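Okay, so here's the structure we're looking at.
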Amino acid sequence: MLQYTFEDMKSMDRSVLGNMVPLELFRTIRLIGMNQGLPLGGKGTTLTVGRKIGESLPVNTLEELLQLFEDLKIGIPRILHEDDRKINIAVEDCFCKGLPTLEEEKLICDLEGAILEGALSKIMGRRISVREVKCNAAGHEHCEYEVKL
Ligand SMILES: [Zn+2]
């Protein structure tokens, strides 16, 4: 079966509407479609989808991954802490910034963490786990992921 690649996604020929869609469409797919439309808040599915996306990204280092994260306007990542066991990555200007807080402590950027997980697992050649630890939508100062190495 023929499959699309990330490279194919850049092949665009829309003369009137161009190559952008509004953030509210991305949010709608993420939060209404996936989170509210799938059973259990889409937990397992979101993880599978995010990992697959991450694996498809053309990146070979953590730096390239973080740059692509910003280029795709998911958010602006910044390494807060890094040692042999873990890396903490804050994401400023995340796609969720500005959404109302519906429930304290409810983190909503799980797909983005799964994308990081898939990409990092591919880069490092072994299974890496990424946990979402903070989220704007939960009332925190930024979104943040903890990467277990
Ligand atoms: Zn968030």
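Ordered as shown in the structure tokens, chains take letters A, B, and onward, while each chain numbers its residues from 1 and ligands are numbered from 1 in the order shown.
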Counting only C-alpha atoms and all ligand atoms, which residues of chain A fall within 6 Å of ligand 1, and what is the closest atom pair for each with its distance in Å at one decimal, ordered by chain and rising number, as JSON lines?
```
{"residue": "A:Cys96", "atom": "CA", "partner": "ligand 1", "partner_atom_place_in_ligand_line": "1 (Zn)", "distance": 5.2}
{"residue": "A:Ile108", "atom": "CA", "partner": "ligand 1", "partner_atom_place_in_ligand_line": "1 (Zn)", "distance": 5.4}
{"residue": "A:Cys109", "atom": "CA", "partner": "ligand 1", "partner_atom_place_in_ligand_line": "1 (Zn)", "distance": 4.4}
{"residue": "A:Cys135", "atom": "CA", "partner": "ligand 1", "partner_atom_place_in_ligand_line": "1 (Zn)", "distance": 3.7}
{"residue": "A:Asn136", "atom": "CA", "partner": "ligand 1", "partner_atom_place_in_ligand_line": "1 (Zn)", "distance": 4.9}
{"residue": "A:Ala137", "atom": "CA", "partner": "ligand 1", "partner_atom_place_in_ligand_line": "1 (Zn)", "distance": 5.7}
{"residue": "A:Cys143", "atom": "CA", "partner": "ligand 1", "partner_atom_place_in_ligand_line": "1 (Zn)", "distance": 4.6}
```
Per DSSP on the backbone, what are the helix (DSSP H, G or I) residues of range 51-127 of chain A, as number ranges by chain? A: 51-56, 62-71, 110-124
Using the selection just defined, write its residues with C-alpha atoms as a PDB file, in the first residue's frame.
```
ATOM      1  CA  ARG A  51       3.872   8.568  18.159  1.00  0.00           C
ATOM      2  CA  LYS A  52       3.249   7.816  14.500  1.00  0.00           C
ATOM      3  CA  ILE A  53       3.463  11.510  13.626  1.00  0.00           C
ATOM      4  CA  GLY A  54       6.677  11.836  15.648  1.00  0.00           C
ATOM      5  CA  GLU A  55       8.264   8.861  13.901  1.00  0.00           C
ATOM      6  CA  SER A  56       7.445  10.386  10.521  1.00  0.00           C
ATOM      7  CA  LEU A  62      16.759  16.775  19.696  1.00  0.00           C
ATOM      8  CA  GLU A  63      17.700  20.266  18.442  1.00  0.00           C
ATOM      9  CA  GLU A  64      16.217  19.571  15.006  1.00  0.00           C
ATOM     10  CA  LEU A  65      13.070  18.192  16.634  1.00  0.00           C
ATOM     11  CA  LEU A  66      12.591  21.270  18.819  1.00  0.00           C
ATOM     12  CA  GLN A  67      13.178  23.545  15.819  1.00  0.00           C
ATOM     13  CA  LEU A  68      10.564  21.661  13.773  1.00  0.00           C
ATOM     14  CA  PHE A  69       8.120  21.854  16.709  1.00  0.00           C
ATOM     15  CA  GLU A  70       8.430  25.624  16.495  1.00  0.00           C
ATOM     16  CA  ASP A  71       8.385  25.738  12.668  1.00  0.00           C
ATOM     17  CA  ASP A 110      -1.087  14.838  25.186  1.00  0.00           C
ATOM     18  CA  LEU A 111      -0.816  14.530  21.393  1.00  0.00           C
ATOM     19  CA  GLU A 112       2.132  16.931  21.352  1.00  0.00           C
ATOM     20  CA  GLY A 113       3.905  14.908  24.048  1.00  0.00           C
ATOM     21  CA  ALA A 114       3.298  11.723  22.051  1.00  0.00           C
ATOM     22  CA  ILE A 115       4.792  13.416  18.973  1.00  0.00           C
ATOM     23  CA  LEU A 116       7.929  14.188  21.002  1.00  0.00           C
ATOM     24  CA  GLU A 117       7.949  10.593  22.264  1.00  0.00           C
ATOM     25  CA  GLY A 118       7.723   9.080  18.781  1.00  0.00           C
ATOM     26  CA  ALA A 119      10.393  11.384  17.365  1.00  0.00           C
ATOM     27  CA  LEU A 120      12.804  10.908  20.289  1.00  0.00           C
ATOM     28  CA  SER A 121      12.346   7.126  20.247  1.00  0.00           C
ATOM     29  CA  LYS A 122      13.273   7.128  16.561  1.00  0.00           C
ATOM     30  CA  ILE A 123      16.231   9.478  17.090  1.00  0.00           C
ATOM     31  CA  MET A 124      17.643   7.423  19.979  1.00  0.00           C
TER      32      MET A 124
END
```
Who sits within 10 Å of Phe95 in chain A, only C-alpha atoms, same chain under 2 positions skipped, as a PDB file with C-alpha atoms, in the first residue's frame:
```
ATOM      1  CA  LEU A  23      -5.594  27.566  14.842  1.00  0.00           C
ATOM      2  CA  GLU A  24      -9.237  27.052  15.790  1.00  0.00           C
ATOM      3  CA  PHE A  26      -6.417  22.472  14.714  1.00  0.00           C
ATOM      4  CA  ARG A  27      -7.865  22.942  18.198  1.00  0.00           C
ATOM      5  CA  LYS A  73       3.826  26.383  15.226  1.00  0.00           C
ATOM      6  CA  ILE A  74       2.899  23.780  17.804  1.00  0.00           C
ATOM      7  CA  GLY A  75       4.768  25.890  20.333  1.00  0.00           C
ATOM      8  CA  ILE A  76       8.197  27.265  21.244  1.00  0.00           C
ATOM      9  CA  VAL A  91       6.667  24.878  25.625  1.00  0.00           C
ATOM     10  CA  GLU A  92       5.782  28.553  25.383  1.00  0.00           C
ATOM     11  CA  ASP A  93       3.043  29.845  23.080  1.00  0.00           C
ATOM     12  CA  LYS A  97      -2.532  29.143  25.111  1.00  0.00           C
ATOM     13  CA  GLY A  98      -5.586  31.287  25.781  1.00  0.00           C
ATOM     14  CA  LEU A  99      -8.114  28.491  26.108  1.00  0.00           C
ATOM     15  CA  CYS A 109      -1.471  18.611  25.228  1.00  0.00           C
ATOM     16  CA  GLU A 112       2.132  16.931  21.352  1.00  0.00           C
ATOM     17  CA  ASN A 136      -1.581  26.296  30.237  1.00  0.00           C
ATOM     18  CA  CYS A 143       3.129  23.545  29.052  1.00  0.00           C
TER      19      CYS A 143
END
```
What lies within 10 Å of Val133 in chain A using only C-alpha atoms, ignoring chain neighbours under 5 positions off, as a ChimeraX atom specification? /A:88-90,105,107,109-110,113,140,142-146
Pick out the closest residue to Leu72 in chain A from this set: A:Met20, A:Arg131, A:Ser15, A:Gln36. Count only C-alpha atoms. A:Met20
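Using only C-alpha atoms, the smallest distance between any of A:Glu132, A:Ile32, A:Val59, A:Ala138 and Glu103 in chain A comes from A:Ala138.
Counting only C-alpha atoms, the residue from A:Gly41, A:Lys106, A:Gly125, A:Leu149 that sits nearest to Arg85 in chain A is A:Leu149.
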